[in-house]
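Q: Would you mind keeping the following structure in view while I ask a few things?
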Amino acid sequence: YFTGTIQLGSIYGLSQEAGNETRFINDTRGSTFEANAKAACTYLHEQPAVRIVATRAIKPEEEILIQYGEAYWQADSINNNTNNNANTT
């Protein structure tokens with residue numbers, strides 16, 4: 001859980017310089033809660049980057065939730081199958 005406050009429409013840049021706060025962001029899959037943020041493509045220091053944009057105010061200790069999308073889960077499934085196959089050989 002993120003312990004700060006994120007206001008509606010706030011943009012939080014995720015980069016190596018700011019650490020890797022993405023570990024606090026989870027998918028809505030399997031949750032009873034709705035997404036309170038979204039990912040947006042942008043540029044940071046002239047390099048492609050992903051920003052997390054709050055879609056409503058997020059309170060301290062509240063979980064940050066986005067929708068990873070089906071492509072993520074398909075790739076995750078493929079990676080898990082590949083890793084499982086590699087471990088059995």
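FYI, nothing fancy with the structure tokens labels: chains A, B, ... in order, residues from 1 per chain, ligands from 1 as they appear.
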Can you list, as a PyMOL selection string, all residues belonging to segment 41-89 of chain A that DSSP tags as strand (DSSP E)?

A: chain A and resi 41-44+47-54+64-66

Q: May I have the selected residues written with C-alpha atoms, as a PDB file, in the first residue's frame?

A:
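So the final result, stored in part39.pdb, reads:
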ATOM      1  CA  CYS A  41       2.126   6.741 -22.032  1.00  0.00           C
ATOM      2  CA  THR A  42       4.263   9.866 -21.932  1.00  0.00           C
ATOM      3  CA  TYR A  43       7.862  11.080 -22.208  1.00  0.00           C
ATOM      4  CA  LEU A  44      10.236  11.780 -19.336  1.00  0.00           C
ATOM      5  CA  GLN A  47      12.457   8.979 -23.180  1.00  0.00           C
ATOM      6  CA  PRO A  48       9.212   6.948 -23.415  1.00  0.00           C
ATOM      7  CA  ALA A  49       7.728   6.386 -19.968  1.00  0.00           C
ATOM      8  CA  VAL A  50       4.577   5.269 -18.222  1.00  0.00           C
ATOM      9  CA  ARG A  51       2.783   7.519 -15.771  1.00  0.00           C
ATOM     10  CA  ILE A  52       0.105   6.525 -13.336  1.00  0.00           C
ATOM     11  CA  VAL A  53      -2.776   9.017 -13.257  1.00  0.00           C
ATOM     12  CA  ALA A  54      -5.250   9.038 -10.372  1.00  0.00           C
ATOM     13  CA  ILE A  64      -3.753   1.763  -5.892  1.00  0.00           C
ATOM     14  CA  LEU A  65      -5.605  -0.254  -8.516  1.00  0.00           C
ATOM     15  CA  ILE A  66      -5.401  -0.152 -12.300  1.00  0.00           C
TER      16      ILE A  66
END

Q: Just to confirm, what's the straight-line distance from atom CA of Phe33 of chain A to atom CA of Ile78 of chain A in Å (one decimal)?

A: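 These two atoms are separated by 26.7 Å.
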
Q: Compile the contact shell of Asn26 of chain A as a ChimeraX atom specification: residues with an atom at most 10 Å away, counting only C-alpha atoms, same-chain residues fewer than 4 positions apart removed.

A: /A:1,22,31,35,63-68

Q: How would the residues just picked look written out with all heavy atoms as a PDB file, in the first residue's frame?

A:
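Listing of again03.pdb after writing:
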ATOM      1  N   TYR A   1       0.824  -1.198   0.000  1.00  0.00           N
ATOM      2  CA  TYR A   1       0.000   0.000   0.000  1.00  0.00           C
ATOM      3  C   TYR A   1       0.861   1.252   0.000  1.00  0.00           C
ATOM      4  O   TYR A   1       1.866   1.324   0.667  1.00  0.00           O
ATOM      5  CB  TYR A   1      -0.909   0.031   1.224  1.00  0.00           C
ATOM      6  CG  TYR A   1      -1.956  -1.040   1.194  1.00  0.00           C
ATOM      7  CD1 TYR A   1      -1.754  -2.273   1.790  1.00  0.00           C
ATOM      8  CD2 TYR A   1      -3.160  -0.813   0.556  1.00  0.00           C
ATOM      9  CE1 TYR A   1      -2.730  -3.251   1.767  1.00  0.00           C
ATOM     10  CE2 TYR A   1      -4.135  -1.781   0.515  1.00  0.00           C
ATOM     11  CZ  TYR A   1      -3.920  -2.996   1.122  1.00  0.00           C
ATOM     12  OH  TYR A   1      -4.891  -3.951   1.080  1.00  0.00           O
ATOM     13  N   THR A  22       5.949   1.208  -8.599  1.00  0.00           N
ATOM     14  CA  THR A  22       4.946   0.386  -9.265  1.00  0.00           C
ATOM     15  C   THR A  22       4.644  -0.883  -8.491  1.00  0.00           C
ATOM     16  O   THR A  22       3.606  -1.495  -8.697  1.00  0.00           O
ATOM     17  CB  THR A  22       5.387   0.003 -10.694  1.00  0.00           C
ATOM     18  OG1 THR A  22       6.637  -0.686 -10.625  1.00  0.00           O
ATOM     19  CG2 THR A  22       5.507   1.226 -11.574  1.00  0.00           C
ATOM     20  N   SER A  31     -10.594  -8.577  -7.518  1.00  0.00           N
ATOM     21  CA  SER A  31     -10.884  -7.624  -6.448  1.00  0.00           C
ATOM     22  C   SER A  31     -12.340  -7.181  -6.534  1.00  0.00           C
ATOM     23  O   SER A  31     -12.931  -7.180  -7.602  1.00  0.00           O
ATOM     24  CB  SER A  31      -9.976  -6.401  -6.588  1.00  0.00           C
ATOM     25  OG  SER A  31     -10.338  -5.389  -5.673  1.00  0.00           O
ATOM     26  N   ALA A  35     -10.936   0.261 -10.301  1.00  0.00           N
ATOM     27  CA  ALA A  35      -9.680   0.984 -10.525  1.00  0.00           C
ATOM     28  C   ALA A  35      -9.815   2.428 -10.051  1.00  0.00           C
ATOM     29  O   ALA A  35     -10.855   3.058 -10.222  1.00  0.00           O
ATOM     30  CB  ALA A  35      -9.306   0.946 -12.002  1.00  0.00           C
ATOM     31  N   GLU A  63      -5.263   1.034  -1.396  1.00  0.00           N
ATOM     32  CA  GLU A  63      -4.575   0.328  -2.459  1.00  0.00           C
ATOM     33  C   GLU A  63      -4.758   1.054  -3.788  1.00  0.00           C
ATOM     34  O   GLU A  63      -5.842   1.515  -4.104  1.00  0.00           O
ATOM     35  CB  GLU A  63      -5.138  -1.084  -2.564  1.00  0.00           C
ATOM     36  CG  GLU A  63      -4.367  -1.999  -3.446  1.00  0.00           C
ATOM     37  CD  GLU A  63      -4.806  -3.437  -3.315  1.00  0.00           C
ATOM     38  OE1 GLU A  63      -5.905  -3.707  -2.790  1.00  0.00           O
ATOM     39  OE2 GLU A  63      -4.041  -4.290  -3.755  1.00  0.00           O
ATOM     40  N   ILE A  64      -3.679   1.174  -4.563  1.00  0.00           N
ATOM     41  CA  ILE A  64      -3.753   1.763  -5.892  1.00  0.00           C
ATOM     42  C   ILE A  64      -4.059   0.641  -6.861  1.00  0.00           C
ATOM     43  O   ILE A  64      -3.331  -0.351  -6.936  1.00  0.00           O
ATOM     44  CB  ILE A  64      -2.448   2.475  -6.269  1.00  0.00           C
ATOM     45  CG1 ILE A  64      -2.171   3.608  -5.278  1.00  0.00           C
ATOM     46  CG2 ILE A  64      -2.522   3.007  -7.695  1.00  0.00           C
ATOM     47  CD1 ILE A  64      -0.828   4.269  -5.462  1.00  0.00           C
ATOM     48  N   LEU A  65      -5.148   0.787  -7.603  1.00  0.00           N
ATOM     49  CA  LEU A  65      -5.605  -0.254  -8.516  1.00  0.00           C
ATOM     50  C   LEU A  65      -5.752   0.291  -9.932  1.00  0.00           C
ATOM     51  O   LEU A  65      -6.321   1.364 -10.133  1.00  0.00           O
ATOM     52  CB  LEU A  65      -6.963  -0.801  -8.058  1.00  0.00           C
ATOM     53  CG  LEU A  65      -6.980  -1.510  -6.719  1.00  0.00           C
ATOM     54  CD1 LEU A  65      -8.416  -1.772  -6.275  1.00  0.00           C
ATOM     55  CD2 LEU A  65      -6.205  -2.820  -6.798  1.00  0.00           C
ATOM     56  N   ILE A  66      -5.210  -0.449 -10.884  1.00  0.00           N
ATOM     57  CA  ILE A  66      -5.401  -0.152 -12.300  1.00  0.00           C
ATOM     58  C   ILE A  66      -5.847  -1.443 -12.976  1.00  0.00           C
ATOM     59  O   ILE A  66      -5.839  -2.503 -12.362  1.00  0.00           O
ATOM     60  CB  ILE A  66      -4.128   0.399 -12.979  1.00  0.00           C
ATOM     61  CG1 ILE A  66      -3.020  -0.660 -13.017  1.00  0.00           C
ATOM     62  CG2 ILE A  66      -3.643   1.667 -12.299  1.00  0.00           C
ATOM     63  CD1 ILE A  66      -1.820  -0.256 -13.826  1.00  0.00           C
ATOM     64  N   GLN A  67      -6.237  -1.347 -14.217  1.00  0.00           N
ATOM     65  CA  GLN A  67      -6.546  -2.538 -15.001  1.00  0.00           C
ATOM     66  C   GLN A  67      -5.326  -2.857 -15.852  1.00  0.00           C
ATOM     67  O   GLN A  67      -4.952  -2.071 -16.720  1.00  0.00           O
ATOM     68  CB  GLN A  67      -7.785  -2.317 -15.861  1.00  0.00           C
ATOM     69  CG  GLN A  67      -9.034  -2.167 -15.030  1.00  0.00           C
ATOM     70  CD  GLN A  67     -10.269  -1.948 -15.880  1.00  0.00           C
ATOM     71  OE1 GLN A  67     -10.181  -1.651 -17.058  1.00  0.00           O
ATOM     72  NE2 GLN A  67     -11.421  -2.104 -15.264  1.00  0.00           N
ATOM     73  N   TYR A  68      -4.680  -3.981 -15.583  1.00  0.00           N
ATOM     74  CA  TYR A  68      -3.487  -4.364 -16.341  1.00  0.00           C
ATOM     75  C   TYR A  68      -3.838  -4.647 -17.793  1.00  0.00           C
ATOM     76  O   TYR A  68      -3.031  -4.403 -18.676  1.00  0.00           O
ATOM     77  CB  TYR A  68      -2.851  -5.614 -15.753  1.00  0.00           C
ATOM     78  CG  TYR A  68      -2.176  -5.450 -14.409  1.00  0.00           C
ATOM     79  CD1 TYR A  68      -2.151  -4.250 -13.712  1.00  0.00           C
ATOM     80  CD2 TYR A  68      -1.546  -6.539 -13.824  1.00  0.00           C
ATOM     81  CE1 TYR A  68      -1.535  -4.131 -12.481  1.00  0.00           C
ATOM     82  CE2 TYR A  68      -0.920  -6.430 -12.602  1.00  0.00           C
ATOM     83  CZ  TYR A  68      -0.913  -5.233 -11.932  1.00  0.00           C
ATOM     84  OH  TYR A  68      -0.289  -5.135 -10.720  1.00  0.00           O
TER      85      TYR A  68
END
